[in-house]
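Visitor: Sending over coords.cif (mmCIF, N, CA and C atoms).
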data_my_file
loop_
_atom_site.group_PDB
_atom_site.id
_atom_site.type_symbol
_atom_site.label_atom_id
_atom_site.label_comp_id
_atom_site.auth_asym_id
_atom_site.auth_seq_id
_atom_site.Cartn_x
_atom_site.Cartn_y
_atom_site.Cartn_z
ATOM 1 N N MET A 1 -7.895 -16.405 -43.981
ATOM 2 C CA MET A 1 -8.426 -16.318 -42.636
ATOM 3 C C MET A 1 -8.790 -14.860 -42.348
ATOM 4 N N ALA A 2 -10.027 -14.606 -42.147
ATOM 5 C CA ALA A 2 -10.511 -13.253 -41.936
ATOM 6 C C ALA A 2 -10.483 -12.917 -40.443
ATOM 7 N N LEU A 3 -10.205 -11.659 -40.162
ATOM 8 C CA LEU A 3 -10.240 -11.188 -38.781
ATOM 9 C C LEU A 3 -11.685 -10.911 -38.398
ATOM 10 N N ARG A 4 -12.073 -11.355 -37.220
ATOM 11 C CA ARG A 4 -13.446 -11.133 -36.774
ATOM 12 C C ARG A 4 -13.505 -9.868 -35.934
ATOM 13 N N VAL A 5 -14.605 -9.189 -36.039
ATOM 14 C CA VAL A 5 -14.813 -7.972 -35.252
ATOM 15 C C VAL A 5 -15.101 -8.384 -33.807
ATOM 16 N N GLU A 6 -14.488 -7.669 -32.876
ATOM 17 C CA GLU A 6 -14.681 -7.975 -31.462
ATOM 18 C C GLU A 6 -16.098 -7.608 -31.039
ATOM 19 N N HIS A 7 -16.718 -8.474 -30.308
ATOM 20 C CA HIS A 7 -18.078 -8.239 -29.828
ATOM 21 C C HIS A 7 -18.062 -7.182 -28.730
ATOM 22 N N ASP A 8 -19.168 -6.474 -28.568
ATOM 23 C CA ASP A 8 -19.288 -5.417 -27.571
ATOM 24 C C ASP A 8 -19.082 -5.948 -26.158
ATOM 25 N N LEU A 9 -19.534 -7.169 -25.911
ATOM 26 C CA LEU A 9 -19.387 -7.774 -24.587
ATOM 27 C C LEU A 9 -17.912 -7.908 -24.200
ATOM 28 N N HIS A 10 -17.065 -8.285 -25.156
ATOM 29 C CA HIS A 10 -15.640 -8.423 -24.862
ATOM 30 C C HIS A 10 -14.994 -7.077 -24.555
ATOM 31 N N GLY A 11 -15.434 -6.045 -25.218
ATOM 32 C CA GLY A 11 -14.910 -4.707 -24.942
ATOM 33 C C GLY A 11 -15.257 -4.253 -23.536
ATOM 34 N N ARG A 12 -16.490 -4.526 -23.098
ATOM 35 C CA ARG A 12 -16.886 -4.149 -21.739
ATOM 36 C C ARG A 12 -16.131 -4.961 -20.700
ATOM 37 N N ARG A 13 -15.926 -6.237 -20.973
ATOM 38 C CA ARG A 13 -15.160 -7.060 -20.029
ATOM 39 C C ARG A 13 -13.726 -6.560 -19.916
ATOM 40 N N LYS A 14 -13.161 -6.185 -21.051
ATOM 41 C CA LYS A 14 -11.775 -5.719 -21.042
ATOM 42 C C LYS A 14 -11.638 -4.449 -20.196
ATOM 43 N N THR A 15 -12.551 -3.496 -20.366
ATOM 44 C CA THR A 15 -12.450 -2.266 -19.575
ATOM 45 C C THR A 15 -12.683 -2.553 -18.092
ATOM 46 N N ARG A 16 -13.576 -3.475 -17.784
ATOM 47 C CA ARG A 16 -13.815 -3.842 -16.381
ATOM 48 C C ARG A 16 -12.573 -4.508 -15.796
ATOM 49 N N ASN A 17 -11.954 -5.399 -16.575
ATOM 50 C CA ASN A 17 -10.748 -6.074 -16.096
ATOM 51 C C ASN A 17 -9.597 -5.095 -15.885
ATOM 52 N N VAL A 18 -9.479 -4.113 -16.758
ATOM 53 C CA VAL A 18 -8.433 -3.096 -16.586
ATOM 54 C C VAL A 18 -8.695 -2.299 -15.312
ATOM 55 N N GLY A 19 -9.957 -1.949 -15.066
ATOM 56 C CA GLY A 19 -10.302 -1.213 -13.845
ATOM 57 C C GLY A 19 -10.002 -2.012 -12.594
ATOM 58 N N VAL A 20 -10.365 -3.298 -12.602
ATOM 59 C CA VAL A 20 -10.089 -4.156 -11.444
ATOM 60 C C VAL A 20 -8.580 -4.304 -11.252
ATOM 61 N N GLY A 21 -7.849 -4.434 -12.333
ATOM 62 C CA GLY A 21 -6.393 -4.549 -12.250
ATOM 63 C C GLY A 21 -5.757 -3.299 -11.673
ATOM 64 N N LEU A 22 -6.250 -2.134 -12.091
ATOM 65 C CA LEU A 22 -5.713 -0.885 -11.546
ATOM 66 C C LEU A 22 -6.022 -0.744 -10.057
ATOM 67 N N MET A 23 -7.231 -1.125 -9.663
ATOM 68 C CA MET A 23 -7.582 -1.060 -8.240
ATOM 69 C C MET A 23 -6.738 -2.036 -7.414
ATOM 70 N N LEU A 24 -6.500 -3.215 -7.940
ATOM 71 C CA LEU A 24 -5.659 -4.187 -7.247
ATOM 72 C C LEU A 24 -4.227 -3.668 -7.125
ATOM 73 N N GLY A 25 -3.716 -3.072 -8.197
ATOM 74 C CA GLY A 25 -2.371 -2.488 -8.151
ATOM 75 C C GLY A 25 -2.279 -1.359 -7.139
ATOM 76 N N ALA A 26 -3.328 -0.520 -7.064
ATOM 77 C CA ALA A 26 -3.339 0.572 -6.090
ATOM 78 C C ALA A 26 -3.378 0.030 -4.669
ATOM 79 N N PHE A 27 -4.128 -1.050 -4.446
ATOM 80 C CA PHE A 27 -4.194 -1.652 -3.111
ATOM 81 C C PHE A 27 -2.831 -2.222 -2.708
ATOM 82 N N VAL A 28 -2.176 -2.908 -3.629
ATOM 83 C CA VAL A 28 -0.856 -3.474 -3.343
ATOM 84 C C VAL A 28 0.135 -2.355 -3.049
ATOM 85 N N ALA A 29 0.088 -1.270 -3.822
ATOM 86 C CA ALA A 29 0.989 -0.141 -3.584
ATOM 87 C C ALA A 29 0.718 0.486 -2.216
ATOM 88 N N LEU A 30 -0.548 0.601 -1.841
ATOM 89 C CA LEU A 30 -0.897 1.163 -0.529
ATOM 90 C C LEU A 30 -0.355 0.301 0.601
ATOM 91 N N VAL A 31 -0.495 -1.013 0.489
ATOM 92 C CA VAL A 31 0.019 -1.916 1.519
ATOM 93 C C VAL A 31 1.542 -1.820 1.595
ATOM 94 N N MET A 32 2.202 -1.725 0.447
ATOM 95 C CA MET A 32 3.661 -1.602 0.448
ATOM 96 C C MET A 32 4.105 -0.304 1.115
ATOM 97 N N VAL A 33 3.425 0.796 0.810
ATOM 98 C CA VAL A 33 3.792 2.090 1.404
ATOM 99 C C VAL A 33 3.567 2.069 2.911
ATOM 100 N N LEU A 34 2.432 1.536 3.343
ATOM 101 C CA LEU A 34 2.167 1.473 4.780
ATOM 102 C C LEU A 34 3.177 0.584 5.498
ATOM 103 N N THR A 35 3.555 -0.518 4.884
ATOM 104 C CA THR A 35 4.561 -1.399 5.475
ATOM 105 C C THR A 35 5.903 -0.696 5.565
ATOM 106 N N PHE A 36 6.289 0.000 4.503
ATOM 107 C CA PHE A 36 7.563 0.720 4.497
ATOM 108 C C PHE A 36 7.587 1.794 5.577
ATOM 109 N N VAL A 37 6.496 2.536 5.707
ATOM 110 C CA VAL A 37 6.438 3.586 6.726
ATOM 111 C C VAL A 37 6.494 2.983 8.120
ATOM 112 N N LYS A 38 5.793 1.885 8.334
ATOM 113 C CA LYS A 38 5.788 1.257 9.664
ATOM 114 C C LYS A 38 7.173 0.722 10.017
ATOM 115 N N ILE A 39 7.871 0.147 9.050
ATOM 116 C CA ILE A 39 9.195 -0.411 9.317
ATOM 117 C C ILE A 39 10.212 0.686 9.579
ATOM 118 N N THR A 40 10.147 1.782 8.843
ATOM 119 C CA THR A 40 11.168 2.822 8.946
ATOM 120 C C THR A 40 10.826 3.903 9.956
ATOM 121 N N GLN A 41 9.645 3.825 10.593
ATOM 122 C CA GLN A 41 9.241 4.834 11.556
ATOM 123 C C GLN A 41 10.117 4.749 12.799
ATOM 124 N N ILE A 42 10.607 5.901 13.241
ATOM 125 C CA ILE A 42 11.436 5.968 14.443
ATOM 126 C C ILE A 42 10.601 6.591 15.555
ATOM 127 N N ASP A 43 10.503 5.903 16.665
ATOM 128 C CA ASP A 43 9.810 6.454 17.826
ATOM 129 C C ASP A 43 10.855 7.172 18.665
ATOM 130 N N PHE A 44 10.890 8.491 18.539
ATOM 131 C CA PHE A 44 11.926 9.267 19.206
ATOM 132 C C PHE A 44 11.796 9.229 20.729
ATOM 133 N N ALA A 45 10.617 8.926 21.227
ATOM 134 C CA ALA A 45 10.437 8.886 22.680
ATOM 135 C C ALA A 45 11.151 7.690 23.293
ATOM 136 N N THR A 46 11.287 6.602 22.565
ATOM 137 C CA THR A 46 11.942 5.416 23.110
ATOM 138 C C THR A 46 13.229 5.080 22.366
ATOM 139 N N ALA A 47 13.750 6.028 21.618
ATOM 140 C CA ALA A 47 14.980 5.778 20.875
ATOM 141 C C ALA A 47 16.142 5.594 21.847
ATOM 142 N N PRO A 48 17.085 4.721 21.513
ATOM 143 C CA PRO A 48 18.230 4.528 22.408
ATOM 144 C C PRO A 48 19.041 5.819 22.552
ATOM 145 N N GLY A 49 19.496 6.081 23.741
ATOM 146 C CA GLY A 49 20.335 7.250 23.979
ATOM 147 C C GLY A 49 19.562 8.474 24.423
ATOM 148 N N THR A 50 18.240 8.404 24.477
ATOM 149 C CA THR A 50 17.477 9.558 24.932
ATOM 150 C C THR A 50 17.307 9.480 26.444
ATOM 151 N N VAL A 51 17.460 10.628 27.085
ATOM 152 C CA VAL A 51 17.340 10.682 28.533
ATOM 153 C C VAL A 51 16.528 11.912 28.870
ATOM 154 N N GLY A 52 15.693 11.803 29.902
ATOM 155 C CA GLY A 52 15.008 12.984 30.388
ATOM 156 C C GLY A 52 13.630 13.142 29.782
ATOM 157 N N ALA A 53 13.239 14.408 29.563
ATOM 158 C CA ALA A 53 11.887 14.737 29.145
ATOM 159 C C ALA A 53 11.520 14.107 27.811
ATOM 160 N N ALA A 54 12.456 13.934 26.938
ATOM 161 C CA ALA A 54 12.154 13.365 25.625
ATOM 162 C C ALA A 54 11.676 11.938 25.728
ATOM 163 N N SER A 55 12.156 11.200 26.719
ATOM 164 C CA SER A 55 11.751 9.805 26.855
ATOM 165 C C SER A 55 10.522 9.649 27.745
ATOM 166 N N GLY A 56 10.049 10.745 28.312
ATOM 167 C CA GLY A 56 8.866 10.676 29.160
ATOM 168 C C GLY A 56 9.180 10.300 30.597
ATOM 169 N N THR A 57 10.430 10.145 30.918
ATOM 170 C CA THR A 57 10.807 9.829 32.299
ATOM 171 C C THR A 57 11.875 10.810 32.741
ATOM 172 N N ALA A 58 11.842 11.129 33.991
ATOM 173 C CA ALA A 58 12.841 12.026 34.534
ATOM 174 C C ALA A 58 14.134 11.252 34.788
ATOM 175 N N PRO A 59 15.272 11.894 34.649
ATOM 176 C CA PRO A 59 16.518 11.199 34.953
ATOM 177 C C PRO A 59 16.536 10.804 36.426
ATOM 178 N N GLN A 60 16.958 9.583 36.683
ATOM 179 C CA GLN A 60 16.932 9.076 38.052
ATOM 180 C C GLN A 60 18.189 9.491 38.789
ATOM 181 N N GLU A 61 17.956 10.019 39.965
ATOM 182 C CA GLU A 61 19.058 10.338 40.867
ATOM 183 C C GLU A 61 19.417 9.061 41.603
ATOM 184 N N GLY A 62 20.562 8.973 42.174
ATOM 185 C CA GLY A 62 20.982 7.767 42.897
ATOM 186 C C GLY A 62 20.010 7.388 43.985
ATOM 187 N N ASN A 63 19.496 6.167 43.970
ATOM 188 C CA ASN A 63 18.546 5.698 44.981
ATOM 189 C C ASN A 63 19.253 5.097 46.134
#
Can the structure from this file be put into structure tokens for me?

Guide:
Amino acid sequence: MALRVEHDLHGRRKTRNVGVGLMLGAFVALVMVLTFVKITQIDFATAPGTVGAASGTAPQEGN
């Protein structure tokens, strides 16, 4: 059984498929990073325990 030489068309398809795969992997990584940042982002202006100027509201005096 002899090994056949790969046709030029298959070589071009392979490089195109590798490129598409890398772009898909980069897109998935970007979505994962953005999701991680959005989940772990702390909004210090509305964080529990903040009072005064940091929260954007003045401390309330007795009404």

Visitor: Report the distance between CA of Leu9 in chain A and CA of Met23 in chain A in Å, rounded to one decimal place.

Guide: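 About the pair CA of Leu9 in chain A and CA of Met23 in chain A: they are 21.3 Å apart.
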
Visitor: As an exercise, work out the distance from atom N of Ile39 in chain A to CA of Val20 in chain A in Å and give it to one decimal place.

Guide: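 CA of Val20 in chain A lies at a distance of 27.6 Å from atom N of Ile39 in chain A.
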
Visitor: Between CA of Lys14 in chain A and CA of Val31 in chain A, what is the distance, to one decimal in Å?

Guide: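 Interatomic distance, CA of Lys14 in chain A to CA of Val31 in chain A: 25.7 Å.
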